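> Just dropping this structure here.
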Amino acid sequence: MKAEKIWLDGEFVPWEKAQVHVLTHALHYGSAIFEGIRAYETADGGAAVFRLQEHVDRLFDSAAIFRMEIPYTREEIFNAIVDTVQVNKLKGCYIRPLVFRGGEGVGINPLRSPVRVLVAAIPFGAYLGEEGLEKGIRAKVSSYNRIHINSTSTKAKISGNYVNSVLAVMEVAEDGYDEAILLDTNGYVAEGPGENIFWARKGTVYTTPLPTVLEGITRNSIMTICGDLGYPLKEALTTRDELYIADEVWFCGTAAEITPIREIDRITIGKGKVGPIAKALQEKFFAIVAGKDAAYDHWLARI
């Protein structure tokens, strides 16, 4: 999971030389924002980054919310991401832009800390395993709630927010599950630790509404694809027991892609295997990212 070079503050440095001071503000207080982006090898042997402009735009939205002035333009960050894939001679890979508060002091107020930027790209497979994509995973509702909307920002990918996800992941992993499901502070289903969630019942697809969850780019993609494939779709609040009786449930996200959930809290979902809607979405999604569907080619930044 190692590459040759990382783009750091405007220049490429060897992997081993991409370093920060141990007193950097982001290390102590989580004062960073990031994106998770994927590039895929295309059917013609090339590579393409999936919905790159949308990811760059969301990075800048996160920066605005977090009062960070990114010292580069959107075009410069876009090009840095493309260049990082090229320099490392990668095709299918995971890309991590990170904007973080640097410095060498101690103190919570970050406003005088310098803003630094890095872009890393690494080879990357199925986040929850190839078997998970094919057969579905086992999930458990965590005892940790998703952070309240007025405790932080649900629309910014702030590094410190993900401690909430880390706690949930550790909890369910120690109980033998593949992934967690988090409820919001009102008890409704929110999302996974790093994924949005969808479910299907009686031919209609549902997903949680935006107020308490991240505005996922893969989520948006799946909603568009559902419409194009003719599946009725609704945004709706739901409870854990409604997931238990759904015909299908799946996670989606840049890392997770479309990962079906075959079991929640030891209750079998549907027939305990990948359902027909999730399967159709998977097939369409992987055809799109491989550049096999011209109707969606505008989602691909070809390299």
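In the structure tokens, chains take letters A, B, ... by order of appearance, with residues numbered from 1 within each chain and ligands from 1 in the order shown.
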Hey, what's within 8 Å of A:Ala121 if we count only C-alpha atoms and toss same-chain stuff fewer than 3 positions away? As a PDB file with all heavy atoms, in the first residue's frame, please?

ATOM      1  N   ALA A   3       3.341   4.072  -2.299  1.00  0.00           N
ATOM      2  CA  ALA A   3       3.642   4.647  -3.605  1.00  0.00           C
ATOM      3  C   ALA A   3       5.014   5.321  -3.544  1.00  0.00           C
ATOM      4  O   ALA A   3       5.654   5.381  -2.489  1.00  0.00           O
ATOM      5  CB  ALA A   3       2.564   5.653  -3.998  1.00  0.00           C
ATOM      6  N   ILE A   6       4.648  11.624  -2.902  1.00  0.00           N
ATOM      7  CA  ILE A   6       3.489  12.321  -2.374  1.00  0.00           C
ATOM      8  C   ILE A   6       3.618  13.800  -2.717  1.00  0.00           C
ATOM      9  O   ILE A   6       4.712  14.376  -2.611  1.00  0.00           O
ATOM     10  CB  ILE A   6       3.375  12.127  -0.843  1.00  0.00           C
ATOM     11  CG1 ILE A   6       2.964  10.683  -0.530  1.00  0.00           C
ATOM     12  CG2 ILE A   6       2.376  13.113  -0.228  1.00  0.00           C
ATOM     13  CD1 ILE A   6       2.918  10.349   0.938  1.00  0.00           C
ATOM     14  N   THR A  84      -0.463  13.284  -9.352  1.00  0.00           N
ATOM     15  CA  THR A  84      -0.034  12.307  -8.348  1.00  0.00           C
ATOM     16  C   THR A  84      -0.285  10.886  -8.838  1.00  0.00           C
ATOM     17  O   THR A  84       0.541   9.982  -8.623  1.00  0.00           O
ATOM     18  CB  THR A  84      -0.754  12.547  -7.013  1.00  0.00           C
ATOM     19  OG1 THR A  84      -0.453  13.870  -6.560  1.00  0.00           O
ATOM     20  CG2 THR A  84      -0.303  11.548  -5.953  1.00  0.00           C
ATOM     21  N   VAL A  85      -1.406  10.666  -9.496  1.00  0.00           N
ATOM     22  CA  VAL A  85      -1.682   9.350 -10.075  1.00  0.00           C
ATOM     23  C   VAL A  85      -0.667   9.032 -11.165  1.00  0.00           C
ATOM     24  O   VAL A  85      -0.108   7.929 -11.222  1.00  0.00           O
ATOM     25  CB  VAL A  85      -3.117   9.288 -10.623  1.00  0.00           C
ATOM     26  CG1 VAL A  85      -3.380   7.941 -11.308  1.00  0.00           C
ATOM     27  CG2 VAL A  85      -4.127   9.510  -9.502  1.00  0.00           C
ATOM     28  N   ASN A  88       3.055   8.378  -9.938  1.00  0.00           N
ATOM     29  CA  ASN A  88       3.213   7.079  -9.278  1.00  0.00           C
ATOM     30  C   ASN A  88       2.885   5.900 -10.183  1.00  0.00           C
ATOM     31  O   ASN A  88       2.879   4.754  -9.728  1.00  0.00           O
ATOM     32  CB  ASN A  88       2.349   7.042  -8.020  1.00  0.00           C
ATOM     33  CG  ASN A  88       2.920   7.900  -6.911  1.00  0.00           C
ATOM     34  OD1 ASN A  88       3.965   7.588  -6.347  1.00  0.00           O
ATOM     35  ND2 ASN A  88       2.246   9.006  -6.603  1.00  0.00           N
ATOM     36  N   CYS A  93      -6.528   3.126  -8.021  1.00  0.00           N
ATOM     37  CA  CYS A  93      -5.901   3.555  -6.770  1.00  0.00           C
ATOM     38  C   CYS A  93      -6.867   4.393  -5.941  1.00  0.00           C
ATOM     39  O   CYS A  93      -7.908   4.845  -6.428  1.00  0.00           O
ATOM     40  CB  CYS A  93      -4.625   4.359  -7.032  1.00  0.00           C
ATOM     41  SG  CYS A  93      -4.872   5.905  -7.943  1.00  0.00           S
ATOM     42  N   TYR A  94      -6.506   4.567  -4.682  1.00  0.00           N
ATOM     43  CA  TYR A  94      -7.239   5.438  -3.763  1.00  0.00           C
ATOM     44  C   TYR A  94      -6.415   6.711  -3.591  1.00  0.00           C
ATOM     45  O   TYR A  94      -5.190   6.654  -3.410  1.00  0.00           O
ATOM     46  CB  TYR A  94      -7.428   4.743  -2.417  1.00  0.00           C
ATOM     47  CG  TYR A  94      -8.234   5.542  -1.414  1.00  0.00           C
ATOM     48  CD1 TYR A  94      -9.622   5.488  -1.411  1.00  0.00           C
ATOM     49  CD2 TYR A  94      -7.604   6.342  -0.467  1.00  0.00           C
ATOM     50  CE1 TYR A  94     -10.373   6.202  -0.493  1.00  0.00           C
ATOM     51  CE2 TYR A  94      -8.346   7.069   0.459  1.00  0.00           C
ATOM     52  CZ  TYR A  94      -9.720   6.993   0.441  1.00  0.00           C
ATOM     53  OH  TYR A  94     -10.450   7.708   1.356  1.00  0.00           O
ATOM     54  N   ILE A  95      -7.085   7.862  -3.629  1.00  0.00           N
ATOM     55  CA  ILE A  95      -6.400   9.151  -3.580  1.00  0.00           C
ATOM     56  C   ILE A  95      -6.863   9.916  -2.350  1.00  0.00           C
ATOM     57  O   ILE A  95      -8.063  10.028  -2.091  1.00  0.00           O
ATOM     58  CB  ILE A  95      -6.694   9.975  -4.849  1.00  0.00           C
ATOM     59  CG1 ILE A  95      -6.387   9.147  -6.104  1.00  0.00           C
ATOM     60  CG2 ILE A  95      -5.898  11.280  -4.843  1.00  0.00           C
ATOM     61  CD1 ILE A  95      -7.069   9.655  -7.357  1.00  0.00           C
ATOM     62  N   ARG A  96      -5.918  10.445  -1.590  1.00  0.00           N
ATOM     63  CA  ARG A  96      -6.257  11.151  -0.353  1.00  0.00           C
ATOM     64  C   ARG A  96      -5.655  12.568  -0.368  1.00  0.00           C
ATOM     65  O   ARG A  96      -4.487  12.761  -0.054  1.00  0.00           O
ATOM     66  CB  ARG A  96      -5.713  10.363   0.836  1.00  0.00           C
ATOM     67  CG  ARG A  96      -5.748  11.068   2.217  1.00  0.00           C
ATOM     68  CD  ARG A  96      -7.085  11.615   2.605  1.00  0.00           C
ATOM     69  NE  ARG A  96      -8.135  10.627   2.588  1.00  0.00           N
ATOM     70  CZ  ARG A  96      -8.408   9.780   3.571  1.00  0.00           C
ATOM     71  NH1 ARG A  96      -7.682   9.767   4.673  1.00  0.00           N
ATOM     72  NH2 ARG A  96      -9.406   8.939   3.454  1.00  0.00           N
TER      73      ARG A  96
END
> I want to know what sits within 12 Å of A:Glu215, based on only C-alpha atoms, with residues of the same chain fewer than 3 positions away left out; could you give that as a PDB file with C-alpha atoms, in the first residue's frame?

ATOM      1  CA  GLU A  54     -17.122  17.143  -7.364  1.00  0.00           C
ATOM      2  CA  HIS A  55     -14.539  15.915  -4.857  1.00  0.00           C
ATOM      3  CA  ARG A  58     -16.432  19.400  -1.669  1.00  0.00           C
ATOM      4  CA  LEU A  59     -12.889  19.797  -0.348  1.00  0.00           C
ATOM      5  CA  ASP A  61     -16.655  23.508   0.795  1.00  0.00           C
ATOM      6  CA  SER A  62     -15.173  21.725   3.820  1.00  0.00           C
ATOM      7  CA  SER A 153     -20.460  19.952  10.876  1.00  0.00           C
ATOM      8  CA  THR A 154     -21.960  17.004   9.044  1.00  0.00           C
ATOM      9  CA  LYS A 155     -21.237  18.651   5.685  1.00  0.00           C
ATOM     10  CA  ALA A 156     -17.462  18.903   6.123  1.00  0.00           C
ATOM     11  CA  LYS A 157     -15.055  15.977   6.059  1.00  0.00           C
ATOM     12  CA  ALA A 190     -27.778   7.774   9.971  1.00  0.00           C
ATOM     13  CA  GLU A 191     -24.968   6.069   8.043  1.00  0.00           C
ATOM     14  CA  GLY A 194     -17.452   6.079   6.292  1.00  0.00           C
ATOM     15  CA  GLU A 195     -20.400   5.208   4.073  1.00  0.00           C
ATOM     16  CA  ASN A 196     -23.931   6.270   3.280  1.00  0.00           C
ATOM     17  CA  ILE A 197     -26.632   3.627   3.559  1.00  0.00           C
ATOM     18  CA  THR A 207     -31.714   6.411   1.698  1.00  0.00           C
ATOM     19  CA  THR A 208     -31.371   8.634   4.728  1.00  0.00           C
ATOM     20  CA  PRO A 209     -31.947  12.386   4.228  1.00  0.00           C
ATOM     21  CA  LEU A 210     -29.043  14.814   4.353  1.00  0.00           C
ATOM     22  CA  PRO A 211     -29.356  16.793   7.611  1.00  0.00           C
ATOM     23  CA  THR A 212     -27.438  14.292   9.765  1.00  0.00           C
ATOM     24  CA  THR A 218     -21.207   8.070  -4.403  1.00  0.00           C
ATOM     25  CA  ARG A 219     -24.602   8.480  -2.708  1.00  0.00           C
ATOM     26  CA  ASN A 220     -25.517  11.084  -5.321  1.00  0.00           C
ATOM     27  CA  SER A 221     -24.242   8.795  -8.068  1.00  0.00           C
ATOM     28  CA  MET A 223     -29.441   8.088  -6.677  1.00  0.00           C
ATOM     29  CA  CYS A 252     -22.051   3.059  -0.619  1.00  0.00           C
ATOM     30  CA  GLY A 253     -19.009   5.307  -0.624  1.00  0.00           C
TER      31      GLY A 253
END
> Give the strand (DSSP E) residues of stretch 1-82 of chain A, as assigned by DSSP on the backbone, as a PDB file with N, CA and C atoms, in the first residue's frame.

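See selection.pdb below for the written result:
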ATOM      1  N   LYS A   5       5.847   8.652  -4.569  1.00  0.00           N
ATOM      2  CA  LYS A   5       5.908  10.073  -4.235  1.00  0.00           C
ATOM      3  C   LYS A   5       4.567  10.591  -3.717  1.00  0.00           C
ATOM      4  N   ILE A   6       4.648  11.624  -2.902  1.00  0.00           N
ATOM      5  CA  ILE A   6       3.489  12.321  -2.374  1.00  0.00           C
ATOM      6  C   ILE A   6       3.618  13.800  -2.717  1.00  0.00           C
ATOM      7  N   TRP A   7       2.520  14.404  -3.157  1.00  0.00           N
ATOM      8  CA  TRP A   7       2.492  15.839  -3.442  1.00  0.00           C
ATOM      9  C   TRP A   7       2.297  16.559  -2.112  1.00  0.00           C
ATOM     10  N   LEU A   8       3.269  17.366  -1.724  1.00  0.00           N
ATOM     11  CA  LEU A   8       3.225  18.048  -0.434  1.00  0.00           C
ATOM     12  C   LEU A   8       3.576  19.515  -0.628  1.00  0.00           C
ATOM     13  N   GLU A  11       4.934  20.396  -4.256  1.00  0.00           N
ATOM     14  CA  GLU A  11       5.996  19.659  -4.932  1.00  0.00           C
ATOM     15  C   GLU A  11       5.956  18.185  -4.538  1.00  0.00           C
ATOM     16  N   PHE A  12       6.510  17.364  -5.403  1.00  0.00           N
ATOM     17  CA  PHE A  12       6.557  15.943  -5.112  1.00  0.00           C
ATOM     18  C   PHE A  12       7.787  15.611  -4.274  1.00  0.00           C
ATOM     19  N   VAL A  13       7.548  14.834  -3.233  1.00  0.00           N
ATOM     20  CA  VAL A  13       8.641  14.386  -2.360  1.00  0.00           C
ATOM     21  C   VAL A  13       8.565  12.866  -2.258  1.00  0.00           C
ATOM     22  N   PRO A  14       9.688  12.197  -2.017  1.00  0.00           N
ATOM     23  CA  PRO A  14       9.651  10.746  -1.839  1.00  0.00           C
ATOM     24  C   PRO A  14       8.751  10.368  -0.674  1.00  0.00           C
ATOM     25  N   ALA A  32      -8.015  19.120  10.368  1.00  0.00           N
ATOM     26  CA  ALA A  32      -7.718  18.842   8.964  1.00  0.00           C
ATOM     27  C   ALA A  32      -9.019  18.497   8.263  1.00  0.00           C
ATOM     28  N   ILE A  33      -9.022  18.645   6.960  1.00  0.00           N
ATOM     29  CA  ILE A  33     -10.139  18.211   6.125  1.00  0.00           C
ATOM     30  C   ILE A  33      -9.565  17.330   5.028  1.00  0.00           C
ATOM     31  N   PHE A  34     -10.387  16.457   4.492  1.00  0.00           N
ATOM     32  CA  PHE A  34      -9.848  15.539   3.491  1.00  0.00           C
ATOM     33  C   PHE A  34     -10.934  15.083   2.538  1.00  0.00           C
ATOM     34  N   ILE A  37     -10.958   9.671  -2.752  1.00  0.00           N
ATOM     35  CA  ILE A  37     -11.237   9.680  -4.191  1.00  0.00           C
ATOM     36  C   ILE A  37     -10.673   8.394  -4.786  1.00  0.00           C
ATOM     37  N   ARG A  38     -11.302   7.901  -5.824  1.00  0.00           N
ATOM     38  CA  ARG A  38     -10.777   6.708  -6.493  1.00  0.00           C
ATOM     39  C   ARG A  38     -10.502   6.979  -7.970  1.00  0.00           C
ATOM     40  N   ALA A  39      -9.414   6.371  -8.423  1.00  0.00           N
ATOM     41  CA  ALA A  39      -9.167   6.251  -9.853  1.00  0.00           C
ATOM     42  C   ALA A  39      -9.328   4.780 -10.220  1.00  0.00           C
ATOM     43  N   TYR A  40      -9.812   4.532 -11.416  1.00  0.00           N
ATOM     44  CA  TYR A  40     -10.036   3.163 -11.884  1.00  0.00           C
ATOM     45  C   TYR A  40      -9.319   2.942 -13.211  1.00  0.00           C
ATOM     46  N   GLU A  41      -8.848   1.728 -13.396  1.00  0.00           N
ATOM     47  CA  GLU A  41      -8.341   1.354 -14.708  1.00  0.00           C
ATOM     48  C   GLU A  41      -9.525   1.197 -15.640  1.00  0.00           C
ATOM     49  N   ALA A  47      -6.629   5.149 -17.379  1.00  0.00           N
ATOM     50  CA  ALA A  47      -7.100   5.359 -16.010  1.00  0.00           C
ATOM     51  C   ALA A  47      -8.015   6.572 -15.993  1.00  0.00           C
ATOM     52  N   ALA A  48      -8.933   6.592 -15.034  1.00  0.00           N
ATOM     53  CA  ALA A  48      -9.849   7.720 -14.900  1.00  0.00           C
ATOM     54  C   ALA A  48     -10.192   7.911 -13.431  1.00  0.00           C
ATOM     55  N   VAL A  49     -10.250   9.166 -13.010  1.00  0.00           N
ATOM     56  CA  VAL A  49     -10.647   9.504 -11.645  1.00  0.00           C
ATOM     57  C   VAL A  49     -12.144   9.750 -11.641  1.00  0.00           C
ATOM     58  N   PHE A  50     -12.840   9.115 -10.697  1.00  0.00           N
ATOM     59  CA  PHE A  50     -14.294   9.195 -10.654  1.00  0.00           C
ATOM     60  C   PHE A  50     -14.756  10.466  -9.956  1.00  0.00           C
TER      61      PHE A  50
END
> I'd like the neighbourhood of stretch 107-110 of chain A as a count of residues only, where a residue qualifies if any of its atoms comes within 10 Å (using only C-alpha atoms), though same-chain residues fewer than 4 positions away should be ignored.
12
> How many Å separate atom CA of A:Val20 from atom CA of A:Val56?
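Separation between atom CA of A:Val20 and atom CA of A:Val56: 23.3 Å.
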> As an exercise, work out the distance from atom CA of A:Arg112 to atom CA of A:Ala80 in Å and give it to one decimal place.
25.4 Å
> Can you list every residue in stretch 22-253 of chain A that DSSP puts in alpha helix (DSSP H), as number ranges by chain?
A: 25-29, 52-65, 74-87, 130-135, 163-174, 217-229, 240-244
> Mind dumping a table of every stretch 188-232 of chain A residue within 10 Å of stretch 139-145 of chain A, with the nearest atom pair and its distance in Å to one decimal, using only C-alpha atoms, sorted by chain and rising number, as CSV?

residue,atom,partner,partner_atom,distance
A:Tyr188,CA,A:Asn145,CA,9.6
A:Val189,CA,A:Val141,CA,8.9
A:Ala190,CA,A:Asn145,CA,8.7
A:Gly192,CA,A:Val141,CA,9.2
A:Pro193,CA,A:Ser142,CA,9.8
> Write the residues of the preceding selection, restricted to C-alpha atoms, as a compact mmCIF listing (two decimals), in the first residue's frame.

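Done, and the output landed in part.txt:
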# COMPACT_ATOMS: atom_id res chain seq x y z
CA TYR A 188 -32.91 7.13 13.45
CA VAL A 189 -30.49 5.36 11.13
CA ALA A 190 -27.78 7.77 9.97
CA GLY A 192 -21.91 3.86 8.34
CA PRO A 193 -18.57 5.01 9.76
> Closest to A:Gly136 among A:Phe286, A:Phe78, A:Tyr177, A:Phe66, using only C-alpha atoms?
A:Tyr177
> As a ChimeraX atom specification, please: the residues near A:Ile264 (cut-off 12 Å, only C-alpha atoms, same-chain neighbours under 5 positions excluded).
/A:136-142,172,177-182,240-246,248-250,269-270,272
> Go ahead and write the selection's residues with C-alpha atoms as a PDB file, in the first residue's frame.

ATOM      1  CA  GLY A 136     -22.460  -9.076   1.462  1.00  0.00           C
ATOM      2  CA  ILE A 137     -21.129  -8.191   4.903  1.00  0.00           C
ATOM      3  CA  ARG A 138     -22.262  -8.504   8.509  1.00  0.00           C
ATOM      4  CA  ALA A 139     -23.055  -5.190  10.223  1.00  0.00           C
ATOM      5  CA  LYS A 140     -23.985  -4.188  13.737  1.00  0.00           C
ATOM      6  CA  VAL A 141     -25.731  -1.097  15.061  1.00  0.00           C
ATOM      7  CA  SER A 142     -23.161   0.679  17.209  1.00  0.00           C
ATOM      8  CA  VAL A 172     -18.236  -3.805  16.281  1.00  0.00           C
ATOM      9  CA  TYR A 177     -18.696  -7.785  12.624  1.00  0.00           C
ATOM     10  CA  ASP A 178     -17.408  -6.289   9.371  1.00  0.00           C
ATOM     11  CA  GLU A 179     -18.811  -2.780   9.764  1.00  0.00           C
ATOM     12  CA  ALA A 180     -20.906  -0.528  12.000  1.00  0.00           C
ATOM     13  CA  ILE A 181     -24.189   1.283  11.452  1.00  0.00           C
ATOM     14  CA  LEU A 182     -24.628   4.505  13.420  1.00  0.00           C
ATOM     15  CA  ARG A 240     -33.020  -0.122  12.862  1.00  0.00           C
ATOM     16  CA  ASP A 241     -35.965  -2.552  12.867  1.00  0.00           C
ATOM     17  CA  GLU A 242     -37.083  -1.270   9.465  1.00  0.00           C
ATOM     18  CA  LEU A 243     -33.668  -2.280   8.153  1.00  0.00           C
ATOM     19  CA  TYR A 244     -34.197  -5.743   9.626  1.00  0.00           C
ATOM     20  CA  ILE A 245     -37.264  -6.288   7.426  1.00  0.00           C
ATOM     21  CA  ALA A 246     -35.915  -4.640   4.283  1.00  0.00           C
ATOM     22  CA  GLU A 248     -31.968  -5.396   0.668  1.00  0.00           C
ATOM     23  CA  VAL A 249     -29.552  -3.073   2.466  1.00  0.00           C
ATOM     24  CA  TRP A 250     -26.232  -1.777   1.183  1.00  0.00           C
ATOM     25  CA  ILE A 269     -31.512  -9.312   5.599  1.00  0.00           C
ATOM     26  CA  GLY A 270     -33.741 -10.526   2.764  1.00  0.00           C
ATOM     27  CA  GLY A 272     -29.005 -13.306   3.131  1.00  0.00           C
TER      28      GLY A 272
END
> How many Å separate atom CA of A:Thr152 from atom CA of A:Ala256?
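Going from atom CA of A:Thr152 over to atom CA of A:Ala256 covers 24.1 Å.
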> Using only C-alpha atoms, which residues sit within 8 Å of A:Gly291 once same-chain residues fewer than 6 positions away are excluded, as a list in words?
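After dropping sequence-adjacent residues, the list is Thr42, Ala43, Ala48, Asp297 and Leu300 of chain A.
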> Please dump the current selection as a CSV table (one decimal), in the first residue's frame; keep N, CA, C and O atoms.

chain,number,residue,atom,x,y,z
A,42,THR,N,-9.4,1.8,-16.8
A,42,THR,CA,-10.5,1.8,-17.8
A,42,THR,C,-10.4,0.6,-18.8
A,42,THR,O,-9.3,0.0,-18.9
A,43,ALA,N,-11.4,0.4,-19.5
A,43,ALA,CA,-11.5,-0.8,-20.4
A,43,ALA,C,-10.4,-0.6,-21.5
A,43,ALA,O,-10.0,-1.6,-22.1
A,48,ALA,N,-8.9,6.6,-15.0
A,48,ALA,CA,-9.8,7.7,-14.9
A,48,ALA,C,-10.2,7.9,-13.4
A,48,ALA,O,-10.4,6.9,-12.7
A,297,ASP,N,-19.8,9.3,-19.1
A,297,ASP,CA,-18.4,9.6,-19.3
A,297,ASP,C,-18.0,11.0,-18.7
A,297,ASP,O,-16.8,11.2,-18.3
A,300,LEU,N,-16.0,11.0,-15.4
A,300,LEU,CA,-14.7,10.5,-15.4
A,300,LEU,C,-13.7,11.6,-15.9
A,300,LEU,O,-13.8,12.2,-16.9
